[in-house]
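Asks: Have a look at this one.
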Amino acid sequence: MAKATKTSRSSGGAKIHEQNLQRGSGGELHQTTADRADTMTTAQGGPVADDQNSLRVGPRGPLVIDDFHFREKIFHFDHERIPERVVHARGYGAHGFFETYKPLSKYTRADFLQRAGEKTPAFVRFSTVAGSKGSFDLARDVRGFAVKIYTQEGNWDLVGNNIPVFFIQDAIKFPDLVHAVKEDPDSAFPQAQSAHDTFWDFISLTPESMHMIMWVMSDRAIPRSFRFMEGFGVHTFRLLNAKDESTFVKFHWKPKLNLQSVAWNEAVKINGADPDYHRRDLWEAIKTGNFPEWELQVQLFDQKFADEFEFDVLDPTKIIPEEQIKPMPIGRLVLNRMPDNFFAETEQVAFMTQNVPPGIDFSNDPLLQGRNFSYLDTQLKRLGSPNFTHIPINAPKCPFAHFQQDGHMAMRNPVGPINYQPNSFDTGPRESPTRGFRAFPDVEAGPKARLRPESFADHYSQARQFFISQTEIEQNHIAAALTFELSKCKLPVIRERVVSHLLNIDDRLAHTVADNLGLPKMPKPADAAVPTRQDLPPSPALSIVENGPQRFEGRKLGILVTDGTDAALLKAVQNALKKAGASWELIAPKIGGITASDKSHIPADQKIDGGPSVLYDAVALLPSEAGMADLLNEATARDFVADAFSHCKFIGYVAAAQPLFAKAGIDDMDDGCIALSGAKDVKGFIETLGNLRLWDREPVVKME
Ligand code: HDE
């Protein structure tokens, strides 16, 4: 029989006596004999003597049920998860502030928009829509762009996306759309992707989705980073001033660092190399003090414009082109702090379209109205109590007072006997007709029926306008994305039906896709309730390439180094990047780093197979001759260069690196391959990187 012992074993096998344990600075476990102020306790506050061994009968006997510490610990662990969001499950948030540029009193009485320079705390959560919480970041998908601004008149939640239109015109279709795009109920796949039958079946039977489809098949759906994408409130809202006069408004967030997306071939590889690519990007930017920033711009218009506009301003599948109403900047959003705890803040944050301060009101957009109904339910389901507003991330940061009470997890409870009003005791809060929220007193009348307005009937004209607003490169990407997605559909009828819609958008696009799919014969154009307008002019604001940055600021260079790398050149590149507000990573054959030409030891950020070039906006190859000889036979080194070239990236290189191009199958080194013969070449190289890609190379490499 084994003897009972008063000792336990740590994972390293060392014997540790029944005493408090402490971690040393190197992580080693120390034994301490003194009692500590921070003694571990149970959730009830009882001090814990042993957190390593459960209570049992004899050393090899059964556990006993009066081990309340074990029971409580495991019970709590078993309940750590809350339901993930039905949509937008994978997300990442950050704190910051909104700063008002100038008083907007003419249009709104919203308090936080009255004083120039006023800063209001904010929290933002970016997300993908279709994938579950643990899915990868670079799915082809819409990105959520949900902003909570903690105003002195309550929280304003602008729960938007990075695409200004939506798939459907009526909220009642939302469950169908989401069921269709998410994994099939029997197989439970595919995860986080739209390239499958059920999604395209639904889409092909829902012509109102065609405008959105153009956006989702464009590079907008594979952004390089949250920092380089726009955000949109999507719906038309109202602003109401002190006289309750209404102005219609559409909200847009414009990234200070301009727009940038990756290519599909990159996205696929990034998902393998770093599934947390977008999270890491935001984390690193904020942690290194490079605070992402967006300008809030508004498109303002009155009833007269709404009546005269080609489309219905209540239709969420339509935009108002920026060339038609120029967006006006009204403030900026800066993200400057990561949450201390992901669960407490990012997972528990509860956005609701219903959260508007006095001075911001809804329009009758049926999608917005449906959302206003939905978001409260979802929070109750997910957070489990009507008291989810007591959680710090959701609580208003202004004084608040009401008579709501009790319920699960009630943290703020009325004091004293009065929990109603009116009351005779002059106790507790009262309504304020002047300060309080007032809805726009619109006059509504009509038959009570399930209707879709005629003014929502044009499903193709703006889809066409989006397509013709793209550069040729971007148009090719749309055709390639459609081809890729439809090639994953097993049912030929679905492919044909989608092409029949494309015929109503752009003839050349439809034929290219049909040809790429190997469609046996061209289908007839889909029946359209309204013929596609051919007269809508291109809107340059819709192209990413036309609205890209002119500088490398905020971007990252991947620098390949080996033992013997020219230390002076490396320093020059690093200094120039610092000056340009850009960052870099050093990629080396071993993670331990390299010994540079000046014999200095330089640690690496990535071993070469952990730092493929898809993770960087551009690359520099700075190996020594000896280092290159070793790398030449490594597949990862060849891929590093081959991918950078195929993705139209700029490649700086020293003479020693030249053989790698041939090994990577690149015979024709073009203008995007820039020789770095010494520090004098560095300035020009970094300036060129501002173009991000050498688009002229596209026809050669066909990176779509
Ligand atoms: Fe959402 N949406 N949605 N949505 N949505 C949710 O709320 C819903 C729609 C958007 O980071 C859910 O808290 C309906 C459009 C974002 O926490 C849920 C309809 C737009 C987020 C919900 C829509 C959005 C959500 C799931 C059809 C862009 C993530 C979890 C009318 C303007 C917020 C949750 C975050 C989340 C319902 C359509 C944006 C189920 C019924 C259009 C950014 O309530």
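Please note that chains go A, B, ... in the order of the structure tokens, that every chain numbers its residues from 1, and that ligands are numbered from 1 in the order shown.
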Identify, with DSSP run on backbone atoms, the residues in stretch 199-354 of chain A assigned to helix (DSSP H, G or I), and express the list as a PyMOL selection string.

Replies: chain A and resi 199-204+207-216+219-221+226-228+264-273+277-287+303-308+342-347

Asks: Just list as a compact mmCIF listing (two decimals) with N, CA, C and O atoms, in the first residue's frame whatever in stretch 31-148 of chain A DSSP marks as strand (DSSP E or B).

Replies:
# COMPACT_ATOMS: atom_id res chain seq x y z
N GLN A 31 9.68 28.27 -2.69
CA GLN A 31 8.87 27.97 -1.52
C GLN A 31 8.99 29.16 -0.58
O GLN A 31 10.07 29.67 -0.36
N THR A 32 7.87 29.59 -0.02
CA THR A 32 7.94 30.65 0.99
C THR A 32 7.30 30.12 2.25
O THR A 32 6.28 29.42 2.19
N THR A 41 -7.62 32.63 -2.42
CA THR A 41 -8.85 32.28 -1.71
C THR A 41 -9.84 31.63 -2.68
O THR A 41 -9.67 31.68 -3.89
N PRO A 47 -9.39 31.25 2.59
CA PRO A 47 -8.00 31.00 2.18
C PRO A 47 -7.81 29.56 1.73
O PRO A 47 -8.41 28.63 2.29
N ARG A 56 -8.77 13.61 -1.06
CA ARG A 56 -9.05 12.21 -1.37
C ARG A 56 -8.86 11.34 -0.14
O ARG A 56 -8.34 11.78 0.88
N LEU A 63 -11.86 10.53 -4.68
CA LEU A 63 -12.01 11.91 -4.22
C LEU A 63 -13.26 12.01 -3.37
O LEU A 63 -14.19 11.22 -3.51
N GLY A 91 -14.25 38.86 -33.26
CA GLY A 91 -14.03 40.31 -33.29
C GLY A 91 -12.90 40.73 -32.39
O GLY A 91 -12.39 39.94 -31.59
N TYR A 92 -12.52 41.98 -32.52
CA TYR A 92 -11.41 42.51 -31.76
C TYR A 92 -11.68 43.98 -31.46
O TYR A 92 -12.07 44.73 -32.36
N GLY A 93 -11.50 44.37 -30.20
CA GLY A 93 -11.91 45.71 -29.82
C GLY A 93 -10.78 46.55 -29.26
O GLY A 93 -9.72 46.03 -28.89
N ALA A 94 -11.01 47.84 -29.20
CA ALA A 94 -10.03 48.76 -28.61
C ALA A 94 -10.75 50.00 -28.09
O ALA A 94 -11.81 50.37 -28.58
N HIS A 95 -10.12 50.61 -27.09
CA HIS A 95 -10.65 51.86 -26.52
C HIS A 95 -10.04 53.07 -27.22
O HIS A 95 -8.94 52.99 -27.77
N GLY A 96 -10.73 54.17 -27.10
CA GLY A 96 -10.19 55.41 -27.65
C GLY A 96 -11.11 56.56 -27.34
O GLY A 96 -11.83 56.53 -26.34
N PHE A 97 -11.07 57.56 -28.20
CA PHE A 97 -11.95 58.71 -27.98
C PHE A 97 -12.42 59.28 -29.31
O PHE A 97 -11.78 59.04 -30.35
N PHE A 98 -13.54 59.98 -29.22
CA PHE A 98 -14.04 60.72 -30.38
C PHE A 98 -13.82 62.19 -30.07
O PHE A 98 -14.15 62.66 -28.99
N GLU A 99 -13.26 62.93 -31.04
CA GLU A 99 -13.05 64.37 -30.83
C GLU A 99 -13.86 65.15 -31.85
O GLU A 99 -13.74 64.94 -33.06
N THR A 100 -14.68 66.05 -31.33
CA THR A 100 -15.54 66.86 -32.20
C THR A 100 -14.72 67.98 -32.84
O THR A 100 -13.96 68.66 -32.15
N LYS A 119 -13.53 65.83 -26.24
CA LYS A 119 -13.23 64.41 -26.45
C LYS A 119 -14.20 63.56 -25.65
O LYS A 119 -14.43 63.82 -24.47
N THR A 120 -14.76 62.56 -26.29
CA THR A 120 -15.73 61.66 -25.64
C THR A 120 -15.18 60.24 -25.74
O THR A 120 -14.76 59.82 -26.82
N PRO A 121 -15.18 59.50 -24.62
CA PRO A 121 -14.61 58.14 -24.67
C PRO A 121 -15.37 57.24 -25.63
O PRO A 121 -16.59 57.39 -25.82
N ALA A 122 -14.64 56.30 -26.24
CA ALA A 122 -15.25 55.41 -27.24
C ALA A 122 -14.66 54.01 -27.12
O ALA A 122 -13.54 53.83 -26.62
N PHE A 123 -15.41 53.04 -27.57
CA PHE A 123 -14.91 51.66 -27.70
C PHE A 123 -15.36 51.15 -29.06
O PHE A 123 -16.50 51.37 -29.47
N VAL A 124 -14.45 50.47 -29.77
CA VAL A 124 -14.78 49.98 -31.10
C VAL A 124 -14.55 48.48 -31.14
O VAL A 124 -13.57 47.99 -30.57
N ARG A 125 -15.44 47.77 -31.81
CA ARG A 125 -15.20 46.33 -32.04
C ARG A 125 -15.31 46.06 -33.54
O ARG A 125 -16.34 46.35 -34.16
N PHE A 126 -14.21 45.54 -34.10
CA PHE A 126 -14.20 45.12 -35.51
C PHE A 126 -14.48 43.62 -35.54
O PHE A 126 -14.11 42.90 -34.61
N SER A 127 -15.06 43.15 -36.63
CA SER A 127 -15.40 41.73 -36.65
C SER A 127 -15.53 41.22 -38.07
O SER A 127 -15.65 42.00 -39.02
N THR A 128 -15.48 39.88 -38.20
CA THR A 128 -15.97 39.26 -39.43
C THR A 128 -17.39 38.78 -39.12
O THR A 128 -17.78 38.70 -37.96
N ARG A 143 -16.68 43.24 -42.89
CA ARG A 143 -16.15 43.49 -41.56
C ARG A 143 -17.12 44.38 -40.78
O ARG A 143 -17.59 45.39 -41.30
N GLY A 144 -17.43 43.95 -39.55
CA GLY A 144 -18.21 44.82 -38.67
C GLY A 144 -17.34 45.96 -38.19
O GLY A 144 -16.12 45.81 -38.02
N PHE A 145 -17.94 47.11 -38.01
CA PHE A 145 -17.24 48.31 -37.53
C PHE A 145 -18.20 48.96 -36.54
O PHE A 145 -18.98 49.84 -36.90
N ALA A 146 -18.20 48.43 -35.31
CA ALA A 146 -19.19 48.87 -34.32
C ALA A 146 -18.54 49.83 -33.34
O ALA A 146 -17.53 49.52 -32.72
N VAL A 147 -19.12 51.01 -33.21
CA VAL A 147 -18.53 52.06 -32.37
C VAL A 147 -19.51 52.42 -31.26
O VAL A 147 -20.69 52.66 -31.52
N LYS A 148 -19.00 52.44 -30.04
CA LYS A 148 -19.80 52.90 -28.90
C LYS A 148 -19.17 54.19 -28.39
O LYS A 148 -17.99 54.20 -28.04

Asks: Taking 4 positions as the minimum chain separation for residues in the same chain, which residues sit within 9 Å of A:Ile651 when counting only C-alpha atoms? Answer as a CSV table (one decimal) with N, CA, C and O atoms, in the first residue's frame.

Replies:
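Result file is selection36.csv:
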chain,number,residue,atom,x,y,z
A,618,ALA,N,5.9,44.9,-48.0
A,618,ALA,CA,7.0,44.9,-49.0
A,618,ALA,C,8.2,44.1,-48.3
A,618,ALA,O,8.1,43.8,-47.1
A,619,VAL,N,9.2,43.7,-49.1
A,619,VAL,CA,10.3,43.0,-48.5
A,619,VAL,C,11.6,43.6,-48.9
A,619,VAL,O,11.7,44.2,-50.0
A,620,ALA,N,12.6,43.3,-48.1
A,620,ALA,CA,14.0,43.6,-48.5
A,620,ALA,C,14.9,42.4,-48.2
A,620,ALA,O,14.7,41.7,-47.2
A,621,LEU,N,15.7,42.1,-49.2
A,621,LEU,CA,16.6,40.9,-49.1
A,621,LEU,C,18.0,41.3,-48.8
A,621,LEU,O,18.6,41.9,-49.7
A,641,VAL,N,10.4,35.0,-51.8
A,641,VAL,CA,10.6,35.9,-53.0
A,641,VAL,C,9.5,35.7,-54.0
A,641,VAL,O,9.0,36.7,-54.6
A,644,ALA,N,6.3,37.3,-52.9
A,644,ALA,CA,6.4,38.8,-52.9
A,644,ALA,C,6.3,39.3,-54.3
A,644,ALA,O,5.6,40.3,-54.6
A,645,PHE,N,6.9,38.6,-55.3
A,645,PHE,CA,6.9,39.0,-56.7
A,645,PHE,C,5.5,38.8,-57.2
A,645,PHE,O,4.9,39.7,-57.8
A,672,GLY,N,10.0,47.0,-59.9
A,672,GLY,CA,9.6,46.8,-58.5
A,672,GLY,C,10.7,46.1,-57.7
A,672,GLY,O,10.6,46.0,-56.5
A,673,CYS,N,11.7,45.6,-58.5
A,673,CYS,CA,12.9,45.0,-57.8
A,673,CYS,C,14.0,46.0,-57.7
A,673,CYS,O,14.5,46.5,-58.8
A,674,ILE,N,14.3,46.5,-56.5
A,674,ILE,CA,15.1,47.7,-56.4
A,674,ILE,C,16.4,47.3,-55.7
A,674,ILE,O,16.4,46.8,-54.6
A,675,ALA,N,17.5,47.6,-56.5
A,675,ALA,CA,18.8,47.2,-56.0
A,675,ALA,C,19.2,48.2,-54.8
A,675,ALA,O,19.0,49.4,-54.9

Asks: So the first atom is atom CA of A:Tyr616 and the second is atom CA of A:Leu689; what is the distance between them in Å, to one decimal place?

Replies: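 For atom CA of A:Tyr616 relative to atom CA of A:Leu689, the distance reads 11.6 Å.
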
Asks: Which residue, A:Arg452, A:Arg382, A:Arg371, A:Arg693, has the smallest gap to A:Gly548 when you use only C-alpha atoms?

Replies: A:Arg693

Asks: Point out the residue among A:Thr688, A:Asn162, A:Asn516, A:Thr562 with the least atom-to-atom distance to A:Lys254, counting only C-alpha atoms.

Replies: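 The shortest atom-to-atom distance to A:Lys254 comes from A:Asn162.
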
Asks: With only C-alpha atoms and all ligand atoms as the basis for distance, which of A:Thr353, A:Thr198, A:Ser455, A:Asn161 is at the shortest distance from ligand 1?

Replies: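 The answer is A:Asn161, which sits nearest to ligand 1.
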
Asks: Within 10 Å of A:Leu314, counting only C-alpha atoms, which residues show up once you throw out same-chain ones fewer than 5 positions away? Write them as a PyMOL selection string, please.

Replies: chain A and resi 169+235-237+306+363-368+455-456

Asks: Any chance you can output those residues with C-alpha atoms as a PDB file, in the first residue's frame?

Replies:
ATOM      1  CA  GLN A 169     -33.858  45.160 -47.817  1.00  0.00           C
ATOM      2  CA  HIS A 235     -28.717  53.263 -43.105  1.00  0.00           C
ATOM      3  CA  THR A 236     -30.041  56.753 -43.464  1.00  0.00           C
ATOM      4  CA  PHE A 237     -30.476  58.295 -40.010  1.00  0.00           C
ATOM      5  CA  ALA A 306     -34.507  62.467 -50.800  1.00  0.00           C
ATOM      6  CA  SER A 363     -35.256  56.717 -40.448  1.00  0.00           C
ATOM      7  CA  ASN A 364     -37.861  54.235 -41.648  1.00  0.00           C
ATOM      8  CA  ASP A 365     -35.247  52.036 -43.341  1.00  0.00           C
ATOM      9  CA  PRO A 366     -36.900  48.638 -42.752  1.00  0.00           C
ATOM     10  CA  LEU A 367     -33.572  46.984 -42.075  1.00  0.00           C
ATOM     11  CA  LEU A 368     -32.695  49.525 -39.405  1.00  0.00           C
ATOM     12  CA  SER A 455     -38.943  52.480 -55.030  1.00  0.00           C
ATOM     13  CA  PHE A 456     -36.764  49.556 -53.817  1.00  0.00           C
TER      14      PHE A 456
END

Asks: To one decimal place in Å, what is the distance between atom CA of A:Glu546 and atom CA of A:Ile286?

Replies: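 Computing it gives 27.1 Å between the two atoms.
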
Asks: How many Å lie between atom 29 (C, counted along the ligand's line) of ligand 1 and atom CA of A:His88, rounded to one decimal?

Replies: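 Atom CA of A:His88 lies at a distance of 4.9 Å from atom 29 (C, counted along the ligand's line) of ligand 1.
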
Asks: Name all residues at most 8 Å from stretch 623-635 of chain A (count only C-alpha atoms; drop same-chain ones fewer than 3 positions away) and give them as a PDB file with C-alpha atoms, in the first residue's frame.

Replies:
ATOM      1  CA  LEU A 560      15.461  38.870 -44.760  1.00  0.00           C
ATOM      2  CA  VAL A 561      18.839  38.710 -43.013  1.00  0.00           C
ATOM      3  CA  THR A 562      21.571  36.108 -42.503  1.00  0.00           C
ATOM      4  CA  ASP A 563      24.895  35.922 -40.736  1.00  0.00           C
ATOM      5  CA  GLY A 564      27.110  38.521 -42.361  1.00  0.00           C
ATOM      6  CA  THR A 565      24.289  40.912 -43.330  1.00  0.00           C
ATOM      7  CA  ASP A 566      25.642  44.406 -43.982  1.00  0.00           C
ATOM      8  CA  PRO A 589      17.341  31.273 -40.833  1.00  0.00           C
ATOM      9  CA  ARG A 638      12.225  30.692 -52.595  1.00  0.00           C
ATOM     10  CA  ASP A 639       8.544  31.106 -51.652  1.00  0.00           C
ATOM     11  CA  VAL A 654      21.506  43.411 -52.254  1.00  0.00           C
ATOM     12  CA  ALA A 656      24.178  38.700 -52.941  1.00  0.00           C
ATOM     13  CA  ALA A 657      20.428  38.016 -53.084  1.00  0.00           C
ATOM     14  CA  PRO A 659      20.506  34.219 -57.329  1.00  0.00           C
ATOM     15  CA  LEU A 660      17.357  33.773 -55.243  1.00  0.00           C
ATOM     16  CA  LYS A 663      15.653  30.088 -58.028  1.00  0.00           C
TER      17      LYS A 663
END

Asks: Any idea what's packed within 8 Å of stretch 217-226 of chain A, counting only C-alpha atoms, ignoring anything in its chain fewer than 6 positions away? Could you give it as an NGL selection string?

Replies: :A and (126 or 138-143 or 162-163 or 260-264 or 267 or 277-278 or 281-282 or 474-475 or 477-479 or 481-482 or 544)

Asks: Excluding A:Leu240 and residues on its chain fewer than 2 positions from it, collect all residues at most 6 Å away from it, counting only C-alpha atoms, and give them as a VMD selection string.

Replies: chain A and resid 108 244 to 246 359

Asks: Next, the residues of the selection above should be written as a short mmCIF file (atom, residue, chain, number, x, y, z; two decimals), in the first residue's frame with N, CA and C atoms.

Replies:
data_model
loop_
_atom_site.label_atom_id
_atom_site.label_comp_id
_atom_site.auth_asym_id
_atom_site.auth_seq_id
_atom_site.Cartn_x
_atom_site.Cartn_y
_atom_site.Cartn_z
N THR A 108 -27.86 69.20 -35.19
CA THR A 108 -28.21 68.25 -34.14
C THR A 108 -28.03 68.88 -32.76
N ASP A 244 -36.03 70.66 -33.14
CA ASP A 244 -36.54 69.38 -33.65
C ASP A 244 -36.65 69.36 -35.17
N GLU A 245 -35.86 70.21 -35.84
CA GLU A 245 -35.83 70.18 -37.31
C GLU A 245 -34.93 69.02 -37.74
N SER A 246 -35.38 68.32 -38.78
CA SER A 246 -34.69 67.09 -39.17
C SER A 246 -33.82 67.29 -40.41
N GLY A 359 -31.10 63.96 -30.39
CA GLY A 359 -30.48 64.70 -31.50
C GLY A 359 -30.07 63.78 -32.64
#

Asks: Measuring atom to atom with only C-alpha atoms and all ligand atoms, identify which of A:Ser54, A:Ser677, A:Gln354, A:Gln658 is nearest to ligand 1.

Replies: A:Gln354
